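Beneath this line is the structure, given in structure tokens, with notes to follow.
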Amino acid sequence: MGFAVSDELLGTVVPIVVYWIYSGMYMCLGSFENYRLHSKSDEEEKNLVSKLTVVKGVLFQQLLQAAVAILLFKVTGGHAGASSQQPSSFIVLASQFVTAMLVMDTWQYFLHRYFHENKFLYRHLHSRHHRLVVPYAFGALYNHPLEGLLLDTVGGALSFMLSGMSPRTSIYFFSFATIKTVDDHCGLMLPGNPLHIFFRNNSAYHDVHHQLYGSKYNFSQPFFVMWDRILGTYMPYSLEKRAEGGFEARPTKEFKED
């Protein structure tokens, strides 16, 4: 029992550590102007919140989510719908990962879209995240704390329970989901990035959503684009080189402002 509790704690703490290590790596690469989706000057001028405020906001949210997650584990005993046994088969492990990814994507798509369509929720909750018009790595989880609990904590709990993964497996899954989320906000299109090779939902795809013209499109996160395609909120884009260096994700479909 003690071993399981340790895994559950690690499943909460390790992704937080991964978040800052991985986003820190991207911040070190931020000077690669030839691969940026926005210039450094755009990042400084267009964003509506300081980086210090973002760091404080993310840390507070992570501490709150960790406390809630640990409390949920203690209340449920960590066995609500999940397996306490580590799967020995790669096929079982892969199926749990894919199931968790689909559950998380489904939850986040519909909730994320509703945060945009409900003016009250957008104004008071989700607009905080969109103060970052030019996304960057460590701002990936800059959200209103209540949104973070609903979108990430509840979505993560559903993914964990419905996939049937063990607490040990969840350490790897949530760390991977964290890396993917940071990557989607990194603002860089680096050649050979394996996440960009295997997932159409990448930093350019999500950057379109952060722009005014794309705020009603590309809600899918963090893995696939299927719900955008199925429900008509998919905005294709092309990567164009900017004269001053780097890239720009430009929409390739016509649309009308509502």
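Ligands are numbered from 1 in the order shown, chains are lettered A, B, ... in the order of the structure tokens, and residues start at 1 in each chain.
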Problem - Close residues, stretch 107-109 of chain A itself excluded, 8 Å, only C-alpha atoms, min 5 positions apart in chain, as a PyMOL selection string - result: chain A and resi 151-152+155+219-221+227
Residue contacts of A:His206 (12 Å, only C-alpha atoms) excluding same-chain residues fewer than 4 positions away, as a CSV table (one decimal) with C-alpha atoms, in the first residue's frame:
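Output (around39.csv):
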chain,number,residue,atom,x,y,z
A,37,LEU,CA,6.6,31.9,-34.7
A,130,HIS,CA,-5.3,34.6,-23.7
A,133,VAL,CA,-1.1,36.6,-27.4
A,134,VAL,CA,2.4,35.3,-28.1
A,135,PRO,CA,2.6,32.0,-26.2
A,136,TYR,CA,5.9,30.8,-24.7
A,140,ALA,CA,1.5,27.0,-21.0
A,180,LYS,CA,3.1,18.0,-25.0
A,181,THR,CA,1.3,21.0,-23.4
A,182,VAL,CA,4.6,23.0,-23.0
A,183,ASP,CA,5.6,22.1,-26.5
A,184,ASP,CA,2.3,23.4,-27.9
A,185,HIS,CA,3.0,26.8,-26.3
A,186,CYS,CA,6.8,27.0,-26.9
A,187,GLY,CA,6.5,29.4,-29.9
A,188,LEU,CA,9.1,27.5,-31.9
A,189,MET,CA,9.0,25.3,-34.9
A,196,HIS,CA,5.5,17.8,-34.5
A,199,PHE,CA,1.0,15.1,-33.9
A,200,ARG,CA,-0.7,17.6,-36.2
A,201,ASN,CA,-1.7,19.5,-33.0
A,202,ASN,CA,1.6,21.4,-32.5
A,210,HIS,CA,-4.1,32.4,-29.7
A,211,GLN,CA,-4.5,35.0,-32.5
A,214,GLY,CA,-8.3,32.0,-34.7
A,215,SER,CA,-9.9,32.4,-31.3
A,216,LYS,CA,-13.0,30.5,-32.5
A,217,TYR,CA,-11.0,27.7,-34.1
A,218,ASN,CA,-8.4,25.0,-33.1
A,219,PHE,CA,-9.8,24.3,-29.6
A,220,SER,CA,-8.4,20.8,-29.6
A,221,GLN,CA,-5.6,20.1,-27.1
A,222,PRO,CA,-3.2,18.7,-26.2
A,223,PHE,CA,-2.9,15.7,-28.6
A,224,PHE,CA,-5.1,15.3,-31.6
A,225,VAL,CA,-7.2,17.5,-33.9
A,228,ASP,CA,-11.9,20.3,-34.5
A,234,TYR,CA,-10.5,23.2,-37.6
A,235,MET,CA,-8.6,26.1,-39.2
A,236,PRO,CA,-5.8,24.9,-41.5
A,237,TYR,CA,-2.7,27.1,-41.8
A,249,ALA,CA,1.3,30.5,-39.1
A,250,ARG,CA,-1.2,32.0,-41.6
A,251,PRO,CA,-4.8,30.6,-42.0
Handout entry: Long-range neighbours of stretch 61-70 of chain A as a list in words, 9 Å cut-off, only C-alpha atoms, 5 positions minimum in chain
Key =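 Once the nearby chain positions are removed, what remains is Glu8, Leu9, Thr12, Val13, Ile16, Lys56, Val75, Leu141, Tyr142, Asn143, His144, Pro145, Leu146, Gly148, Leu149, Asp152, Thr153 and Ala157 of chain A.
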Practice task
Work out how far apart atom CA of A:Asn34 and atom CA of A:Ser127 are and give it in Å to one decimal.
Solution key: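 Distance reported for this atom pair: 29.6 Å.
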Practice task
With a distance cut-off of 6 Å and only C-alpha atoms, select the neighbouring residues of A:Ser159, excluding the residue or stretch itself and same-chain residues fewer than 6 positions from it, and output the selection as a ChimeraX atom specification.
Solution key: /A:100,103-104
Restrict the selected residues to N, CA and C atoms and save them as a PDB file, in the first residue's frame.
ATOM      1  N   ALA A 100      -6.350   7.184 -22.411  1.00  0.00           N
ATOM      2  CA  ALA A 100      -6.205   8.387 -21.587  1.00  0.00           C
ATOM      3  C   ALA A 100      -6.067   9.636 -22.452  1.00  0.00           C
ATOM      4  N   VAL A 103      -9.549  10.458 -23.848  1.00  0.00           N
ATOM      5  CA  VAL A 103     -10.406  11.004 -22.791  1.00  0.00           C
ATOM      6  C   VAL A 103     -10.020  12.450 -22.490  1.00  0.00           C
ATOM      7  N   MET A 104      -8.724  12.693 -22.332  1.00  0.00           N
ATOM      8  CA  MET A 104      -8.259  14.042 -22.026  1.00  0.00           C
ATOM      9  C   MET A 104      -8.593  15.006 -23.155  1.00  0.00           C
TER      10      MET A 104
END
Problem - For A:His129, the nearest of the candidates A:Ala243, A:Val17, A:Val49, A:Ala177, counting only C-alpha atoms - result: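 Nearest to A:His129: A:Val49.
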Practice task
Compare A:Phe115, A:Tyr213, A:Phe138, A:Phe176 by their minimum atom-to-atom distance to A:Met101, counting only C-alpha atoms, and give me the closest one.
Solution key: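 That would be A:Phe176, the residue with the smallest distance to A:Met101.
One distance worth recording is that between atom CA of A:Phe160 and atom CA of A:Met226, which is 20.8 Å.
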Could you give me the residues within stretch 46-125 of chain A that DSSP places in alpha helix (DSSP H), as a PDB file with N, CA, C and O atoms, in the first residue's frame?
ATOM      1  N   LYS A  46       3.174  42.504 -27.334  1.00  0.00           N
ATOM      2  CA  LYS A  46       1.783  42.084 -27.510  1.00  0.00           C
ATOM      3  C   LYS A  46       1.189  41.405 -26.283  1.00  0.00           C
ATOM      4  O   LYS A  46      -0.028  41.451 -26.077  1.00  0.00           O
ATOM      5  N   LYS A  51       6.131  38.407 -17.314  1.00  0.00           N
ATOM      6  CA  LYS A  51       6.596  37.035 -17.112  1.00  0.00           C
ATOM      7  C   LYS A  51       6.663  36.685 -15.628  1.00  0.00           C
ATOM      8  O   LYS A  51       6.418  35.532 -15.252  1.00  0.00           O
ATOM      9  N   LEU A  52       6.957  37.656 -14.766  1.00  0.00           N
ATOM     10  CA  LEU A  52       6.972  37.395 -13.329  1.00  0.00           C
ATOM     11  C   LEU A  52       5.572  37.024 -12.847  1.00  0.00           C
ATOM     12  O   LEU A  52       5.407  36.092 -12.041  1.00  0.00           O
ATOM     13  N   THR A  53       4.572  37.727 -13.337  1.00  0.00           N
ATOM     14  CA  THR A  53       3.192  37.416 -12.974  1.00  0.00           C
ATOM     15  C   THR A  53       2.807  36.023 -13.465  1.00  0.00           C
ATOM     16  O   THR A  53       2.109  35.272 -12.776  1.00  0.00           O
ATOM     17  N   VAL A  54       3.276  35.663 -14.656  1.00  0.00           N
ATOM     18  CA  VAL A  54       2.994  34.334 -15.212  1.00  0.00           C
ATOM     19  C   VAL A  54       3.611  33.255 -14.332  1.00  0.00           C
ATOM     20  O   VAL A  54       2.962  32.256 -13.997  1.00  0.00           O
ATOM     21  N   VAL A  55       4.863  33.428 -13.932  1.00  0.00           N
ATOM     22  CA  VAL A  55       5.540  32.441 -13.085  1.00  0.00           C
ATOM     23  C   VAL A  55       4.782  32.274 -11.767  1.00  0.00           C
ATOM     24  O   VAL A  55       4.526  31.141 -11.320  1.00  0.00           O
ATOM     25  N   LYS A  56       4.411  33.369 -11.147  1.00  0.00           N
ATOM     26  CA  LYS A  56       3.678  33.299  -9.878  1.00  0.00           C
ATOM     27  C   LYS A  56       2.334  32.592 -10.065  1.00  0.00           C
ATOM     28  O   LYS A  56       1.924  31.763  -9.233  1.00  0.00           O
ATOM     29  N   GLY A  57       1.638  32.926 -11.163  1.00  0.00           N
ATOM     30  CA  GLY A  57       0.347  32.322 -11.423  1.00  0.00           C
ATOM     31  C   GLY A  57       0.430  30.828 -11.659  1.00  0.00           C
ATOM     32  O   GLY A  57      -0.389  30.052 -11.149  1.00  0.00           O
ATOM     33  N   VAL A  58       1.439  30.400 -12.419  1.00  0.00           N
ATOM     34  CA  VAL A  58       1.603  28.975 -12.707  1.00  0.00           C
ATOM     35  C   VAL A  58       1.977  28.211 -11.432  1.00  0.00           C
ATOM     36  O   VAL A  58       1.424  27.135 -11.161  1.00  0.00           O
ATOM     37  N   LEU A  59       2.892  28.758 -10.644  1.00  0.00           N
ATOM     38  CA  LEU A  59       3.292  28.092  -9.401  1.00  0.00           C
ATOM     39  C   LEU A  59       2.112  27.940  -8.443  1.00  0.00           C
ATOM     40  O   LEU A  59       1.925  26.876  -7.831  1.00  0.00           O
ATOM     41  N   PHE A  60       1.311  29.001  -8.312  1.00  0.00           N
ATOM     42  CA  PHE A  60       0.137  28.924  -7.434  1.00  0.00           C
ATOM     43  C   PHE A  60      -0.826  27.856  -7.933  1.00  0.00           C
ATOM     44  O   PHE A  60      -1.350  27.046  -7.153  1.00  0.00           O
ATOM     45  N   GLN A  61      -1.064  27.834  -9.235  1.00  0.00           N
ATOM     46  CA  GLN A  61      -1.989  26.849  -9.798  1.00  0.00           C
ATOM     47  C   GLN A  61      -1.474  25.436  -9.590  1.00  0.00           C
ATOM     48  O   GLN A  61      -2.232  24.526  -9.251  1.00  0.00           O
ATOM     49  N   GLN A  62      -0.178  25.224  -9.793  1.00  0.00           N
ATOM     50  CA  GLN A  62       0.392  23.886  -9.619  1.00  0.00           C
ATOM     51  C   GLN A  62       0.296  23.419  -8.169  1.00  0.00           C
ATOM     52  O   GLN A  62      -0.016  22.248  -7.905  1.00  0.00           O
ATOM     53  N   LEU A  63       0.540  24.310  -7.240  1.00  0.00           N
ATOM     54  CA  LEU A  63       0.423  23.948  -5.818  1.00  0.00           C
ATOM     55  C   LEU A  63      -1.020  23.606  -5.464  1.00  0.00           C
ATOM     56  O   LEU A  63      -1.285  22.631  -4.748  1.00  0.00           O
ATOM     57  N   LEU A  64      -1.963  24.397  -5.984  1.00  0.00           N
ATOM     58  CA  LEU A  64      -3.374  24.141  -5.725  1.00  0.00           C
ATOM     59  C   LEU A  64      -3.816  22.814  -6.321  1.00  0.00           C
ATOM     60  O   LEU A  64      -4.474  21.997  -5.664  1.00  0.00           O
ATOM     61  N   GLN A  65      -3.415  22.563  -7.569  1.00  0.00           N
ATOM     62  CA  GLN A  65      -3.803  21.317  -8.231  1.00  0.00           C
ATOM     63  C   GLN A  65      -3.175  20.106  -7.544  1.00  0.00           C
ATOM     64  O   GLN A  65      -3.813  19.057  -7.422  1.00  0.00           O
ATOM     65  N   ALA A  66      -1.924  20.243  -7.105  1.00  0.00           N
ATOM     66  CA  ALA A  66      -1.262  19.145  -6.404  1.00  0.00           C
ATOM     67  C   ALA A  66      -1.982  18.829  -5.100  1.00  0.00           C
ATOM     68  O   ALA A  66      -2.198  17.648  -4.771  1.00  0.00           O
ATOM     69  N   ALA A  67      -2.371  19.865  -4.370  1.00  0.00           N
ATOM     70  CA  ALA A  67      -3.076  19.657  -3.102  1.00  0.00           C
ATOM     71  C   ALA A  67      -4.415  18.962  -3.336  1.00  0.00           C
ATOM     72  O   ALA A  67      -4.776  18.026  -2.603  1.00  0.00           O
ATOM     73  N   VAL A  68      -5.151  19.391  -4.356  1.00  0.00           N
ATOM     74  CA  VAL A  68      -6.447  18.786  -4.661  1.00  0.00           C
ATOM     75  C   VAL A  68      -6.260  17.333  -5.114  1.00  0.00           C
ATOM     76  O   VAL A  68      -7.011  16.444  -4.699  1.00  0.00           O
ATOM     77  N   ALA A  69      -5.264  17.086  -5.958  1.00  0.00           N
ATOM     78  CA  ALA A  69      -5.020  15.729  -6.452  1.00  0.00           C
ATOM     79  C   ALA A  69      -4.661  14.778  -5.315  1.00  0.00           C
ATOM     80  O   ALA A  69      -5.170  13.649  -5.234  1.00  0.00           O
ATOM     81  N   ILE A  70      -3.790  15.223  -4.410  1.00  0.00           N
ATOM     82  CA  ILE A  70      -3.391  14.385  -3.278  1.00  0.00           C
ATOM     83  C   ILE A  70      -4.593  14.121  -2.372  1.00  0.00           C
ATOM     84  O   ILE A  70      -4.794  13.002  -1.879  1.00  0.00           O
ATOM     85  N   LEU A  71      -5.435  15.143  -2.186  1.00  0.00           N
ATOM     86  CA  LEU A  71      -6.643  14.971  -1.376  1.00  0.00           C
ATOM     87  C   LEU A  71      -7.582  13.949  -2.007  1.00  0.00           C
ATOM     88  O   LEU A  71      -8.141  13.090  -1.315  1.00  0.00           O
ATOM     89  N   LEU A  72      -7.740  14.019  -3.324  1.00  0.00           N
ATOM     90  CA  LEU A  72      -8.606  13.062  -4.019  1.00  0.00           C
ATOM     91  C   LEU A  72      -8.082  11.639  -3.870  1.00  0.00           C
ATOM     92  O   LEU A  72      -8.860  10.697  -3.675  1.00  0.00           O
ATOM     93  N   PHE A  73      -6.758  11.473  -3.965  1.00  0.00           N
ATOM     94  CA  PHE A  73      -6.175  10.146  -3.794  1.00  0.00           C
ATOM     95  C   PHE A  73      -6.446   9.595  -2.389  1.00  0.00           C
ATOM     96  O   PHE A  73      -6.748   8.421  -2.220  1.00  0.00           O
ATOM     97  N   LYS A  74      -6.342  10.469  -1.397  1.00  0.00           N
ATOM     98  CA  LYS A  74      -6.570  10.019  -0.021  1.00  0.00           C
ATOM     99  C   LYS A  74      -8.033   9.650   0.207  1.00  0.00           C
ATOM    100  O   LYS A  74      -8.349   8.671   0.883  1.00  0.00           O
ATOM    101  N   VAL A  75      -8.934  10.454  -0.373  1.00  0.00           N
ATOM    102  CA  VAL A  75     -10.367  10.205  -0.191  1.00  0.00           C
ATOM    103  C   VAL A  75     -10.798   8.925  -0.899  1.00  0.00           C
ATOM    104  O   VAL A  75     -11.553   8.113  -0.362  1.00  0.00           O
ATOM    105  N   THR A  76     -10.310   8.732  -2.140  1.00  0.00           N
ATOM    106  CA  THR A  76     -10.724   7.567  -2.934  1.00  0.00           C
ATOM    107  C   THR A  76      -9.864   6.346  -2.684  1.00  0.00           C
ATOM    108  O   THR A  76     -10.214   5.246  -3.117  1.00  0.00           O
ATOM    109  N   PHE A  90       3.062  -4.658 -23.206  1.00  0.00           N
ATOM    110  CA  PHE A  90       3.195  -3.370 -23.876  1.00  0.00           C
ATOM    111  C   PHE A  90       1.888  -2.967 -24.542  1.00  0.00           C
ATOM    112  O   PHE A  90       1.537  -1.780 -24.577  1.00  0.00           O
ATOM    113  N   ILE A  91       1.154  -3.939 -25.065  1.00  0.00           N
ATOM    114  CA  ILE A  91      -0.114  -3.642 -25.731  1.00  0.00           C
ATOM    115  C   ILE A  91      -1.114  -3.045 -24.746  1.00  0.00           C
ATOM    116  O   ILE A  91      -1.817  -2.079 -25.052  1.00  0.00           O
ATOM    117  N   VAL A  92      -1.178  -3.613 -23.546  1.00  0.00           N
ATOM    118  CA  VAL A  92      -2.082  -3.083 -22.521  1.00  0.00           C
ATOM    119  C   VAL A  92      -1.662  -1.668 -22.131  1.00  0.00           C
ATOM    120  O   VAL A  92      -2.492  -0.755 -22.020  1.00  0.00           O
ATOM    121  N   LEU A  93      -0.371  -1.471 -21.944  1.00  0.00           N
ATOM    122  CA  LEU A  93       0.148  -0.156 -21.576  1.00  0.00           C
ATOM    123  C   LEU A  93      -0.161   0.874 -22.667  1.00  0.00           C
ATOM    124  O   LEU A  93      -0.616   1.986 -22.376  1.00  0.00           O
ATOM    125  N   ALA A  94       0.057   0.495 -23.930  1.00  0.00           N
ATOM    126  CA  ALA A  94      -0.204   1.405 -25.043  1.00  0.00           C
ATOM    127  C   ALA A  94      -1.683   1.730 -25.147  1.00  0.00           C
ATOM    128  O   ALA A  94      -2.057   2.886 -25.397  1.00  0.00           O
ATOM    129  N   SER A  95      -2.536   0.733 -24.939  1.00  0.00           N
ATOM    130  CA  SER A  95      -3.978   0.981 -25.012  1.00  0.00           C
ATOM    131  C   SER A  95      -4.441   1.917 -23.903  1.00  0.00           C
ATOM    132  O   SER A  95      -5.330   2.748 -24.106  1.00  0.00           O
ATOM    133  N   GLN A  96      -3.833   1.803 -22.728  1.00  0.00           N
ATOM    134  CA  GLN A  96      -4.167   2.710 -21.624  1.00  0.00           C
ATOM    135  C   GLN A  96      -3.735   4.140 -21.947  1.00  0.00           C
ATOM    136  O   GLN A  96      -4.465   5.103 -21.672  1.00  0.00           O
ATOM    137  N   PHE A  97      -2.555   4.282 -22.540  1.00  0.00           N
ATOM    138  CA  PHE A  97      -2.069   5.596 -22.937  1.00  0.00           C
ATOM    139  C   PHE A  97      -3.011   6.230 -23.956  1.00  0.00           C
ATOM    140  O   PHE A  97      -3.416   7.391 -23.816  1.00  0.00           O
ATOM    141  N   VAL A  98      -3.361   5.461 -25.002  1.00  0.00           N
ATOM    142  CA  VAL A  98      -4.226   5.995 -26.061  1.00  0.00           C
ATOM    143  C   VAL A  98      -5.599   6.345 -25.510  1.00  0.00           C
ATOM    144  O   VAL A  98      -6.168   7.394 -25.833  1.00  0.00           O
ATOM    145  N   THR A  99      -6.147   5.480 -24.650  1.00  0.00           N
ATOM    146  CA  THR A  99      -7.449   5.759 -24.037  1.00  0.00           C
ATOM    147  C   THR A  99      -7.397   7.041 -23.215  1.00  0.00           C
ATOM    148  O   THR A  99      -8.292   7.900 -23.314  1.00  0.00           O
ATOM    149  N   ALA A 100      -6.350   7.184 -22.411  1.00  0.00           N
ATOM    150  CA  ALA A 100      -6.205   8.387 -21.587  1.00  0.00           C
ATOM    151  C   ALA A 100      -6.067   9.636 -22.452  1.00  0.00           C
ATOM    152  O   ALA A 100      -6.624  10.694 -22.135  1.00  0.00           O
ATOM    153  N   MET A 101      -5.340   9.528 -23.556  1.00  0.00           N
ATOM    154  CA  MET A 101      -5.173  10.660 -24.471  1.00  0.00           C
ATOM    155  C   MET A 101      -6.516  11.061 -25.080  1.00  0.00           C
ATOM    156  O   MET A 101      -6.833  12.257 -25.174  1.00  0.00           O
ATOM    157  N   LEU A 102      -7.316  10.078 -25.486  1.00  0.00           N
ATOM    158  CA  LEU A 102      -8.617  10.372 -26.088  1.00  0.00           C
ATOM    159  C   LEU A 102      -9.577  10.979 -25.071  1.00  0.00           C
ATOM    160  O   LEU A 102     -10.330  11.910 -25.390  1.00  0.00           O
ATOM    161  N   VAL A 103      -9.549  10.458 -23.848  1.00  0.00           N
ATOM    162  CA  VAL A 103     -10.406  11.004 -22.791  1.00  0.00           C
ATOM    163  C   VAL A 103     -10.020  12.450 -22.490  1.00  0.00           C
ATOM    164  O   VAL A 103     -10.872  13.336 -22.402  1.00  0.00           O
ATOM    165  N   MET A 104      -8.724  12.693 -22.332  1.00  0.00           N
ATOM    166  CA  MET A 104      -8.259  14.042 -22.026  1.00  0.00           C
ATOM    167  C   MET A 104      -8.593  15.006 -23.155  1.00  0.00           C
ATOM    168  O   MET A 104      -9.060  16.135 -22.916  1.00  0.00           O
ATOM    169  N   ASP A 105      -8.359  14.589 -24.394  1.00  0.00           N
ATOM    170  CA  ASP A 105      -8.675  15.445 -25.539  1.00  0.00           C
ATOM    171  C   ASP A 105     -10.160  15.776 -25.601  1.00  0.00           C
ATOM    172  O   ASP A 105     -10.540  16.917 -25.885  1.00  0.00           O
ATOM    173  N   THR A 106     -11.002  14.781 -25.364  1.00  0.00           N
ATOM    174  CA  THR A 106     -12.453  14.995 -25.423  1.00  0.00           C
ATOM    175  C   THR A 106     -12.895  15.970 -24.349  1.00  0.00           C
ATOM    176  O   THR A 106     -13.647  16.929 -24.614  1.00  0.00           O
ATOM    177  N   TRP A 107     -12.450  15.753 -23.120  1.00  0.00           N
ATOM    178  CA  TRP A 107     -12.804  16.641 -22.012  1.00  0.00           C
ATOM    179  C   TRP A 107     -12.325  18.063 -22.281  1.00  0.00           C
ATOM    180  O   TRP A 107     -13.082  19.026 -22.126  1.00  0.00           O
ATOM    181  N   GLN A 108     -11.081  18.198 -22.700  1.00  0.00           N
ATOM    182  CA  GLN A 108     -10.521  19.528 -22.864  1.00  0.00           C
ATOM    183  C   GLN A 108     -11.116  20.255 -24.069  1.00  0.00           C
ATOM    184  O   GLN A 108     -11.299  21.475 -24.027  1.00  0.00           O
ATOM    185  N   TYR A 109     -11.431  19.530 -25.144  1.00  0.00           N
ATOM    186  CA  TYR A 109     -12.023  20.201 -26.300  1.00  0.00           C
ATOM    187  C   TYR A 109     -13.346  20.855 -25.934  1.00  0.00           C
ATOM    188  O   TYR A 109     -13.550  22.056 -26.190  1.00  0.00           O
ATOM    189  N   PHE A 110     -14.254  20.085 -25.354  1.00  0.00           N
ATOM    190  CA  PHE A 110     -15.591  20.611 -25.102  1.00  0.00           C
ATOM    191  C   PHE A 110     -15.596  21.674 -24.008  1.00  0.00           C
ATOM    192  O   PHE A 110     -16.322  22.671 -24.101  1.00  0.00           O
ATOM    193  N   LEU A 111     -14.778  21.489 -22.985  1.00  0.00           N
ATOM    194  CA  LEU A 111     -14.716  22.499 -21.929  1.00  0.00           C
ATOM    195  C   LEU A 111     -14.022  23.761 -22.436  1.00  0.00           C
ATOM    196  O   LEU A 111     -14.481  24.881 -22.172  1.00  0.00           O
ATOM    197  N   HIS A 112     -12.929  23.589 -23.155  1.00  0.00           N
ATOM    198  CA  HIS A 112     -12.206  24.718 -23.719  1.00  0.00           C
ATOM    199  C   HIS A 112     -13.104  25.522 -24.660  1.00  0.00           C
ATOM    200  O   HIS A 112     -13.161  26.761 -24.592  1.00  0.00           O
ATOM    201  N   ARG A 113     -13.828  24.831 -25.507  1.00  0.00           N
ATOM    202  CA  ARG A 113     -14.734  25.517 -26.440  1.00  0.00           C
ATOM    203  C   ARG A 113     -15.824  26.265 -25.677  1.00  0.00           C
ATOM    204  O   ARG A 113     -16.172  27.402 -26.035  1.00  0.00           O
ATOM    205  N   TYR A 114     -16.342  25.639 -24.630  1.00  0.00           N
ATOM    206  CA  TYR A 114     -17.403  26.297 -23.847  1.00  0.00           C
ATOM    207  C   TYR A 114     -16.870  27.538 -23.139  1.00  0.00           C
ATOM    208  O   TYR A 114     -17.578  28.543 -23.011  1.00  0.00           O
ATOM    209  N   PHE A 115     -15.616  27.490 -22.700  1.00  0.00           N
ATOM    210  CA  PHE A 115     -15.012  28.666 -22.084  1.00  0.00           C
ATOM    211  C   PHE A 115     -14.963  29.843 -23.063  1.00  0.00           C
ATOM    212  O   PHE A 115     -14.985  31.003 -22.649  1.00  0.00           O
ATOM    213  N   HIS A 116     -14.867  29.543 -24.340  1.00  0.00           N
ATOM    214  CA  HIS A 116     -14.868  30.606 -25.350  1.00  0.00           C
ATOM    215  C   HIS A 116     -16.276  31.064 -25.696  1.00  0.00           C
ATOM    216  O   HIS A 116     -16.501  32.254 -25.923  1.00  0.00           O
ATOM    217  N   GLU A 117     -17.201  30.144 -25.743  1.00  0.00           N
ATOM    218  CA  GLU A 117     -18.551  30.483 -26.196  1.00  0.00           C
ATOM    219  C   GLU A 117     -19.389  31.134 -25.114  1.00  0.00           C
ATOM    220  O   GLU A 117     -20.324  31.894 -25.411  1.00  0.00           O
ATOM    221  N   LYS A 119     -19.664  33.901 -22.637  1.00  0.00           N
ATOM    222  CA  LYS A 119     -18.979  35.185 -22.450  1.00  0.00           C
ATOM    223  C   LYS A 119     -18.581  35.424 -21.004  1.00  0.00           C
ATOM    224  O   LYS A 119     -17.527  36.014 -20.730  1.00  0.00           O
ATOM    225  N   PHE A 120     -19.420  34.980 -20.067  1.00  0.00           N
ATOM    226  CA  PHE A 120     -19.103  35.180 -18.651  1.00  0.00           C
ATOM    227  C   PHE A 120     -17.845  34.388 -18.278  1.00  0.00           C
ATOM    228  O   PHE A 120     -16.931  34.916 -17.635  1.00  0.00           O
ATOM    229  N   LEU A 121     -17.814  33.105 -18.676  1.00  0.00           N
ATOM    230  CA  LEU A 121     -16.662  32.269 -18.344  1.00  0.00           C
ATOM    231  C   LEU A 121     -15.401  32.742 -19.053  1.00  0.00           C
ATOM    232  O   LEU A 121     -14.308  32.680 -18.487  1.00  0.00           O
ATOM    233  N   TYR A 122     -15.551  33.219 -20.293  1.00  0.00           N
ATOM    234  CA  TYR A 122     -14.369  33.722 -20.991  1.00  0.00           C
ATOM    235  C   TYR A 122     -13.823  34.968 -20.294  1.00  0.00           C
ATOM    236  O   TYR A 122     -12.622  35.074 -20.044  1.00  0.00           O
ATOM    237  N   ARG A 123     -14.717  35.890 -19.968  1.00  0.00           N
ATOM    238  CA  ARG A 123     -14.287  37.151 -19.369  1.00  0.00           C
ATOM    239  C   ARG A 123     -13.630  36.936 -18.013  1.00  0.00           C
ATOM    240  O   ARG A 123     -12.600  37.544 -17.692  1.00  0.00           O
ATOM    241  N   HIS A 124     -14.217  36.055 -17.203  1.00  0.00           N
ATOM    242  CA  HIS A 124     -13.754  35.911 -15.825  1.00  0.00           C
ATOM    243  C   HIS A 124     -12.754  34.778 -15.611  1.00  0.00           C
ATOM    244  O   HIS A 124     -12.070  34.762 -14.578  1.00  0.00           O
TER     245      HIS A 124
END
